[in-house]
Amino acid sequence: MAGVMLLMAAPAVGQSSETVGTRLRYQDEHGQRTPVEGVVISVAAVDGSEVGAGHTDSDGVFEAPVPGPGVYLVSIDVDTLPAGIRLREPDRTTVEVEVLESRDGRAIFSLISGNAEPMEESGGVSVRRVAQLTTEGVKLGLFLGMAAIGLSLVFGTTGLVNFAHGEMVTWGMLSAYFFNYFGLAGIFGFMAGWWPPLGEGVNLIFAAILAVIVGGTTGFVMDRWVFGPLRIRGVSLIAQMVVTIGLSILARYIFLFIFGGNLRFFRDYSAQSALQIWIIEITPKDLITVVLSVLILIGVGFFLQLTQTGKAMRAVADNRDLAESSGINVQRVIRIVWVGAGSLAGLGGVFIGLAEQLSWLIGFRMLLLIFAGVVLGGLGTAYGALLGCLLVGIGIQLSTLFIPVELKNIGALVVLALVLVVRPQGLLGRRERFG
Amino acid sequence: MALAAIDWGFILIQTVETSLGLEAAVYALAAVGLNVHFGYAGLLNFGQVGFVAMGAYGMGLSVTLWNLNPFLALVVGMGFAAAFALILGVPTLRLRGDYLAIVTIAAAEIVRLLARSTTLGEITRGAEGLHGFIGPFRELNPFDPGAEYGIGPVQFGGNQFFAIVVGWALTAVALVVIRQLMRSPWGRVVKAIREDEDAARALGKNAYWYKLQALILGGVIGGLAGMVQALGKATIQPDSFVPAYTFFFWTVLILGGVGRIWSPVVGAMIFWAMLTFFQGTLTAMVNEGLIPTALMDTSQVSQIRFMLVGVGLALLMVFRPQGIFGSREEMMLDVR
């Protein structure tokens, strides 16, 4: 194991006391990340008692020592922000930060510059807000859908609900992060000094492509060396499901071990000022990822509809025995489904990471939303998964018109339960006896 | 060898303490509930930690919010868990097993998110957790809080010992109840539904209703586990109910052998003995410098613990699904 080092874990190691703080920067019109100085930041414990307060320094950094691990609230005084700079989400002036033992907590305030009007205050229903939230919802829905198609097709072809699918999303996101920042040297220290993407980071676009390849390879490995052999051994689907759970816990805590508990951003395109299109504000990166995911999903649709392999996939999902007896190589189809599922999950992870923050836990959170979407659309159907996820994405964002933002994902999960009562086969599912 | 520098005695004492103490009692109870679900009724409950949380919060809130006496608080906690079972079971138990799995794992996470949300912060005290409910329970404690109880080097404080005794007593009661139930006609119907639901229905048994009863029974026992934990820790933290813990219970259950009366107890003891010994050894090795801090620090040891459980669960399920004592036939079930 000599030569293996954990660059990510290293900076936090060995500190005796924890701090909580933030680093305020925005991206100016030249794409330069500029620190914001002199903004008043305060840190409070969850019971409201103040722990520390002060101004950000010339690097835009403010840190306050805290008594120990726990949850702290970091607030920004928006009135002290320089003119022309504002929060992307005006409501988020206070951020909850969890401090783990010997790890600092960092609050992330997303700052944007520009003359566009800020997003309106929450609570009111206005055309602008509905349009903005619908856009956000479509974005979320597309990214969820990209990850969900794989989950649904794996279920359709093998009958297995893959609880590790969320970790495949995280895996894509984190491998893109490592390729973006450090190359493989971020995990295997001895590679430092090699050519990119092994020894150093590459642009996020290349990193994303690498992440898709990594995701597809993972899908292949999962089928070739884990679930393929389990099918042949005749291990029951329940047992296989528990195996996916075991793998997901393993993967999740490996991610935490290597990546740490903090939220991060990609190196490229992390802070962009929003474009104004009609009454909707959208950053260029969001616009591009949305267009890309639409194109990819249309491509997947064509693949399923027109190619020999795509038709075979749908046939296996529809009726496995009939497909097998009509000469389709079911094992090969399943292998391809796994590779595709892994690649799409990986790409979905990169897109979700671009739109939000990177974290070791994001895959599990997304998995629950993906489940909601997949069940809503019909478990086992590719197009149903997509439709369900779009509806879930839009529903989640629009629900913030009426309920607190922190509860928005819960709404989606309640819908999941209601769908099962009313229409268990989902919107596009075929009616069969489920009992 | 620097291995000699490690305080093996201390690690061994800790190992014995957790495998007999509060942790094992809580896990045994939760796994007893899970055994009713999965072992006897064949229900895929992937959200047992949600039942545990409901029991704990039900008990805690009865005191902090409604000032009920401890025995009523116990009943309210059980009621919370039973209500949770109804909410989960009514929509899903008519469907195939994997739907219950999906809904339970999601619902357990909803409970945790709601408990730590600022919207319910006035009631549940958010991420800080619920305190200040322990007083009335401590008044019932027959042991001296200042004294130490135990055998030889394994000693527990009075309050802790009280929670442990309550935990194992409740486990014993639950085991007796389940043993009798499973020998009754009710138990035979539940097991028949697990083996072949269609056949049970053809014989006129209302499978849905039996499954719902089993879900409630196992859920209430899971709720008791939460109450014991709250009693021992004197606080209820929402983040002590993360989804992964459900699968700690699963590991306990499968380790002991699914569908056996004693398996959760044996499983919990073995599970905690292995986990504590491993964690103690690893922590000591980090502290003694046998593992360089560049590779790992002590706060990361508990992450290794989760990884270990993940691998262990997957391997057990593939290579020894019947656990240490179970019989293979009990595990030959399938979703479809």
# chains A, B, ... in the order shown; residues from 1 in each chain; ligands from 1
$ interface_residues --of "chain B" --to "chain A" --cutoff "8 Å" --atoms "only C-alpha atoms" --output "CSV table (one decimal) with N, CA and C atoms, in the first residue's frame"
chain,number,residue,atom,x,y,z
B,88,LEU,N,-47.4,2.5,6.0
B,88,LEU,CA,-46.6,1.9,5.0
B,88,LEU,C,-47.3,0.7,4.4
B,91,PRO,N,-50.9,0.9,1.6
B,91,PRO,CA,-50.7,1.0,0.1
B,91,PRO,C,-49.9,-0.1,-0.5
B,92,THR,N,-49.0,-0.7,0.2
B,92,THR,CA,-48.0,-1.6,-0.5
B,92,THR,C,-48.2,-3.1,-0.3
B,93,LEU,N,-49.0,-3.5,0.7
B,93,LEU,CA,-48.9,-5.0,1.0
B,93,LEU,C,-49.8,-5.8,0.0
B,94,ARG,N,-50.6,-5.1,-0.8
B,94,ARG,CA,-51.3,-5.8,-1.9
B,94,ARG,C,-50.4,-6.0,-3.1
B,95,LEU,N,-49.2,-5.3,-3.1
B,95,LEU,CA,-48.3,-5.3,-4.3
B,95,LEU,C,-47.2,-6.3,-4.1
B,96,ARG,N,-46.4,-6.5,-5.1
B,96,ARG,CA,-45.2,-7.4,-5.0
B,96,ARG,C,-44.3,-6.9,-3.9
B,98,ASP,N,-41.1,-6.1,-3.7
B,98,ASP,CA,-40.1,-5.1,-3.9
B,98,ASP,C,-40.7,-3.7,-3.7
B,102,ILE,N,-39.1,-0.6,-1.5
B,102,ILE,CA,-38.9,0.8,-1.9
B,102,ILE,C,-39.5,1.8,-1.0
B,103,VAL,N,-40.8,1.5,-0.7
B,103,VAL,CA,-41.5,2.5,0.1
B,103,VAL,C,-41.0,2.6,1.6
B,106,ALA,N,-37.7,4.6,1.7
B,106,ALA,CA,-38.0,6.0,1.5
B,106,ALA,C,-38.7,6.6,2.7
B,107,ALA,N,-39.6,5.8,3.3
B,107,ALA,CA,-40.4,6.3,4.5
B,107,ALA,C,-39.5,6.5,5.7
B,110,ILE,N,-37.8,9.7,5.3
B,110,ILE,CA,-38.7,10.8,5.5
B,110,ILE,C,-38.8,11.1,7.0
B,114,LEU,N,-37.9,14.7,8.5
B,114,LEU,CA,-38.9,15.5,9.2
B,114,LEU,C,-38.4,15.8,10.6
B,117,SER,N,-36.0,18.5,10.5
B,117,SER,CA,-36.3,19.7,9.8
B,117,SER,C,-36.6,20.9,10.8
B,119,THR,N,-38.9,23.0,10.2
B,119,THR,CA,-40.3,23.1,10.2
B,119,THR,C,-40.9,22.5,11.4
B,127,ALA,N,-32.0,19.1,14.3
B,127,ALA,CA,-30.8,18.2,14.3
B,127,ALA,C,-30.2,18.1,15.6
B,128,GLU,N,-30.5,19.0,16.5
B,128,GLU,CA,-30.0,19.0,17.9
B,128,GLU,C,-30.4,17.7,18.6
B,244,ALA,N,-28.6,3.4,6.8
B,244,ALA,CA,-27.7,2.3,6.8
B,244,ALA,C,-28.0,1.4,8.0
B,247,PHE,N,-29.7,-1.8,7.8
B,247,PHE,CA,-29.0,-3.0,7.2
B,247,PHE,C,-28.0,-3.5,8.2
B,293,THR,N,-1.2,8.2,9.7
B,293,THR,CA,-2.4,9.0,9.6
B,293,THR,C,-2.7,9.6,8.2
B,294,ALA,N,-1.7,9.5,7.3
B,294,ALA,CA,-2.0,9.9,6.0
B,294,ALA,C,-3.0,9.0,5.3
B,295,LEU,N,-3.0,7.7,5.8
B,295,LEU,CA,-3.9,6.7,5.3
B,295,LEU,C,-5.3,6.8,5.9
B,297,ASP,N,-7.4,8.4,9.8
B,297,ASP,CA,-7.4,8.9,11.1
B,297,ASP,C,-8.5,8.2,11.9
B,299,SER,N,-11.2,9.2,13.2
B,299,SER,CA,-12.6,9.5,12.9
B,299,SER,C,-13.0,8.7,11.7
B,300,GLN,N,-12.1,8.2,10.9
B,300,GLN,CA,-12.5,7.4,9.7
B,300,GLN,C,-12.7,5.9,10.1
B,303,GLN,N,-16.1,4.8,9.6
B,303,GLN,CA,-16.5,4.7,8.2
B,303,GLN,C,-16.1,3.3,7.7
B,304,ILE,N,-14.9,2.8,8.1
B,304,ILE,CA,-14.5,1.5,7.8
B,304,ILE,C,-15.5,0.5,8.3
B,306,PHE,N,-18.8,0.8,8.6
B,306,PHE,CA,-19.9,0.8,7.7
B,306,PHE,C,-19.5,-0.1,6.5
B,307,MET,N,-18.3,0.1,5.9
B,307,MET,CA,-17.9,-0.6,4.8
B,307,MET,C,-17.9,-2.1,5.1
B,308,LEU,N,-17.4,-2.4,6.3
B,308,LEU,CA,-17.3,-3.8,6.7
B,308,LEU,C,-18.7,-4.5,6.7
B,309,VAL,N,-19.6,-3.7,7.3
B,309,VAL,CA,-21.0,-4.3,7.4
B,309,VAL,C,-21.5,-4.5,6.0
B,310,GLY,N,-21.3,-3.5,5.1
B,310,GLY,CA,-21.8,-3.6,3.7
B,310,GLY,C,-21.3,-4.9,3.0
B,311,VAL,N,-19.9,-5.1,3.1
B,311,VAL,CA,-19.3,-6.3,2.5
B,311,VAL,C,-19.9,-7.5,3.2
B,312,GLY,N,-19.9,-7.5,4.5
B,312,GLY,CA,-20.4,-8.7,5.3
B,312,GLY,C,-21.8,-9.1,4.9
B,313,LEU,N,-22.7,-8.1,4.8
B,313,LEU,CA,-24.0,-8.3,4.4
B,313,LEU,C,-24.1,-9.0,3.1
B,314,ALA,N,-23.4,-8.4,2.1
B,314,ALA,CA,-23.5,-9.0,0.7
B,314,ALA,C,-22.9,-10.4,0.7
B,315,LEU,N,-21.8,-10.6,1.4
B,315,LEU,CA,-21.2,-12.0,1.3
B,315,LEU,C,-22.0,-13.0,2.1
B,317,MET,N,-25.2,-12.9,2.4
B,317,MET,CA,-26.4,-13.2,1.6
B,317,MET,C,-26.1,-14.2,0.5
B,318,VAL,N,-24.9,-14.1,-0.1
B,318,VAL,CA,-24.6,-15.0,-1.2
B,318,VAL,C,-24.1,-16.4,-0.7
B,321,PRO,N,-26.7,-17.6,3.4
B,321,PRO,CA,-27.9,-16.9,3.7
B,321,PRO,C,-28.7,-17.4,4.9
B,332,MET,N,-35.5,-19.9,1.2
B,332,MET,CA,-35.7,-20.2,-0.2
B,332,MET,C,-36.8,-19.4,-0.8
B,333,LEU,N,-37.0,-18.2,-0.3
B,333,LEU,CA,-38.1,-17.4,-0.9
B,333,LEU,C,-37.7,-16.5,-1.9
B,334,ASP,N,-38.7,-16.0,-2.7
B,334,ASP,CA,-38.4,-15.1,-3.8
B,334,ASP,C,-39.5,-14.1,-3.9
B,335,VAL,N,-39.2,-13.0,-4.6
B,335,VAL,CA,-40.2,-11.9,-4.7
B,335,VAL,C,-41.4,-12.3,-5.6
$ select_by_dssp --residues "segment 203-419 of chain A" --states "helix (DSSP H, G or I)" --output "PyMOL selection string"
chain A and resi 204-233+237-259+284-306+308-318+320-325+330-355+362-377+382-399+405-419
$ atom_distance --atom1 "atom CA of Leu34 of chain B" --atom2 "atom CA of Trp186 of chain B"
17.6 Å
$ closest_residue --among "A:Leu361, A:Val36, A:Ala176, A:Leu73" --to "Thr118 of chain B" --atoms "only C-alpha atoms"
A:Leu73
$ closest_residue --among "B:Asn159, B:Thr246, B:Thr251, B:Ser263" --to "Ala230 of chain B" --atoms "only C-alpha atoms"
B:Asn159
$ closest_residue --among "B:Phe156, B:Phe278, B:Trp209, B:Tyr57" --to "Ala115 of chain B" --atoms "only C-alpha atoms"
B:Tyr57
$ residues_around --residues "Gly216 of chain A" --least-positions-apart "6" --cutoff "8 Å" --atoms "only C-alpha atoms" --output "ChimeraX atom specification"
/A:338-344,346
$ residues_around --residues "Ser19 of chain B" --least-positions-apart "3" --cutoff "10 Å" --atoms "only C-alpha atoms" --output "PyMOL selection string"
chain B and resi 13-16+22-25+265-276
$ residues_around --residues "segment 139-155 of chain B" --least-positions-apart "6" --cutoff "12 Å" --atoms "only C-alpha atoms" --output "PyMOL selection string"
chain B and resi 9-21+69-71+133+161-166+231-232
$ write_last_selection --atoms "N, CA and C atoms" --output "PDB file, in the first residue's frame"
ATOM      1  N   GLY B   9      -6.525  -5.752  26.711  1.00  0.00           N
ATOM      2  CA  GLY B   9      -7.493  -5.926  27.789  1.00  0.00           C
ATOM      3  C   GLY B   9      -8.648  -4.955  27.667  1.00  0.00           C
ATOM      4  N   PHE B  10      -8.294  -3.700  27.408  1.00  0.00           N
ATOM      5  CA  PHE B  10      -9.309  -2.657  27.270  1.00  0.00           C
ATOM      6  C   PHE B  10     -10.248  -2.974  26.105  1.00  0.00           C
ATOM      7  N   ILE B  11      -9.658  -3.386  24.971  1.00  0.00           N
ATOM      8  CA  ILE B  11     -10.475  -3.702  23.795  1.00  0.00           C
ATOM      9  C   ILE B  11     -11.414  -4.871  24.100  1.00  0.00           C
ATOM     10  N   LEU B  12     -10.877  -5.874  24.805  1.00  0.00           N
ATOM     11  CA  LEU B  12     -11.701  -7.039  25.133  1.00  0.00           C
ATOM     12  C   LEU B  12     -12.853  -6.664  26.048  1.00  0.00           C
ATOM     13  N   ILE B  13     -12.560  -5.812  27.043  1.00  0.00           N
ATOM     14  CA  ILE B  13     -13.632  -5.398  27.960  1.00  0.00           C
ATOM     15  C   ILE B  13     -14.717  -4.655  27.186  1.00  0.00           C
ATOM     16  N   GLN B  14     -14.281  -3.753  26.297  1.00  0.00           N
ATOM     17  CA  GLN B  14     -15.263  -3.019  25.481  1.00  0.00           C
ATOM     18  C   GLN B  14     -16.082  -3.977  24.626  1.00  0.00           C
ATOM     19  N   THR B  15     -15.401  -4.972  24.082  1.00  0.00           N
ATOM     20  CA  THR B  15     -16.091  -5.941  23.223  1.00  0.00           C
ATOM     21  C   THR B  15     -17.193  -6.652  24.004  1.00  0.00           C
ATOM     22  N   VAL B  16     -16.841  -7.096  25.216  1.00  0.00           N
ATOM     23  CA  VAL B  16     -17.837  -7.795  26.034  1.00  0.00           C
ATOM     24  C   VAL B  16     -18.960  -6.832  26.416  1.00  0.00           C
ATOM     25  N   GLU B  17     -18.580  -5.572  26.736  1.00  0.00           N
ATOM     26  CA  GLU B  17     -19.600  -4.604  27.160  1.00  0.00           C
ATOM     27  C   GLU B  17     -20.632  -4.344  26.068  1.00  0.00           C
ATOM     28  N   THR B  18     -20.166  -4.136  24.826  1.00  0.00           N
ATOM     29  CA  THR B  18     -21.160  -3.843  23.782  1.00  0.00           C
ATOM     30  C   THR B  18     -21.958  -5.084  23.413  1.00  0.00           C
ATOM     31  N   SER B  19     -21.339  -6.261  23.501  1.00  0.00           N
ATOM     32  CA  SER B  19     -22.089  -7.434  23.072  1.00  0.00           C
ATOM     33  C   SER B  19     -23.079  -7.902  24.134  1.00  0.00           C
ATOM     34  N   LEU B  20     -22.970  -7.357  25.350  1.00  0.00           N
ATOM     35  CA  LEU B  20     -23.986  -7.655  26.364  1.00  0.00           C
ATOM     36  C   LEU B  20     -24.820  -6.430  26.685  1.00  0.00           C
ATOM     37  N   GLY B  21     -24.323  -5.260  26.296  1.00  0.00           N
ATOM     38  CA  GLY B  21     -24.897  -4.010  26.787  1.00  0.00           C
ATOM     39  C   GLY B  21     -25.994  -3.445  25.930  1.00  0.00           C
ATOM     40  N   ASN B  69     -47.111   9.953  31.844  1.00  0.00           N
ATOM     41  CA  ASN B  69     -46.249   9.156  32.713  1.00  0.00           C
ATOM     42  C   ASN B  69     -45.541   8.095  31.880  1.00  0.00           C
ATOM     43  N   PRO B  70     -44.430   7.544  32.396  1.00  0.00           N
ATOM     44  CA  PRO B  70     -43.566   6.667  31.583  1.00  0.00           C
ATOM     45  C   PRO B  70     -44.296   5.502  30.940  1.00  0.00           C
ATOM     46  N   PHE B  71     -45.272   4.916  31.623  1.00  0.00           N
ATOM     47  CA  PHE B  71     -45.928   3.741  31.046  1.00  0.00           C
ATOM     48  C   PHE B  71     -46.809   4.137  29.865  1.00  0.00           C
ATOM     49  N   PHE B 133     -36.469  14.289  28.397  1.00  0.00           N
ATOM     50  CA  PHE B 133     -37.605  13.395  28.626  1.00  0.00           C
ATOM     51  C   PHE B 133     -37.248  12.311  29.632  1.00  0.00           C
ATOM     52  N   PHE B 161     -27.253   0.581  33.311  1.00  0.00           N
ATOM     53  CA  PHE B 161     -27.621  -0.793  33.647  1.00  0.00           C
ATOM     54  C   PHE B 161     -29.135  -0.964  33.613  1.00  0.00           C
ATOM     55  N   PHE B 162     -29.846   0.060  34.085  1.00  0.00           N
ATOM     56  CA  PHE B 162     -31.303   0.034  34.062  1.00  0.00           C
ATOM     57  C   PHE B 162     -31.806  -0.140  32.624  1.00  0.00           C
ATOM     58  N   ALA B 163     -31.265   0.680  31.700  1.00  0.00           N
ATOM     59  CA  ALA B 163     -31.693   0.591  30.301  1.00  0.00           C
ATOM     60  C   ALA B 163     -31.376  -0.789  29.717  1.00  0.00           C
ATOM     61  N   ILE B 164     -30.204  -1.319  30.091  1.00  0.00           N
ATOM     62  CA  ILE B 164     -29.811  -2.626  29.568  1.00  0.00           C
ATOM     63  C   ILE B 164     -30.770  -3.710  30.052  1.00  0.00           C
ATOM     64  N   VAL B 165     -31.085  -3.645  31.369  1.00  0.00           N
ATOM     65  CA  VAL B 165     -32.002  -4.645  31.934  1.00  0.00           C
ATOM     66  C   VAL B 165     -33.370  -4.541  31.262  1.00  0.00           C
ATOM     67  N   VAL B 166     -33.865  -3.292  31.102  1.00  0.00           N
ATOM     68  CA  VAL B 166     -35.149  -3.110  30.434  1.00  0.00           C
ATOM     69  C   VAL B 166     -35.086  -3.674  29.013  1.00  0.00           C
ATOM     70  N   LEU B 231     -33.774   5.476  26.198  1.00  0.00           N
ATOM     71  CA  LEU B 231     -33.635   5.314  27.646  1.00  0.00           C
ATOM     72  C   LEU B 231     -32.161   5.274  28.043  1.00  0.00           C
ATOM     73  N   GLY B 232     -31.372   4.553  27.249  1.00  0.00           N
ATOM     74  CA  GLY B 232     -29.957   4.411  27.574  1.00  0.00           C
ATOM     75  C   GLY B 232     -29.153   5.660  27.287  1.00  0.00           C
TER      76      GLY B 232
END
$ atom_distance --atom1 "atom CA of Tyr99 of chain B" --atom2 "atom CA of Ala199 of chain B"
21.2 Å
$ closest_residue --among "A:Leu358, A:Val95, A:Met366, A:Leu347" --to "Gly261 of chain A" --atoms "only C-alpha atoms"
A:Leu358
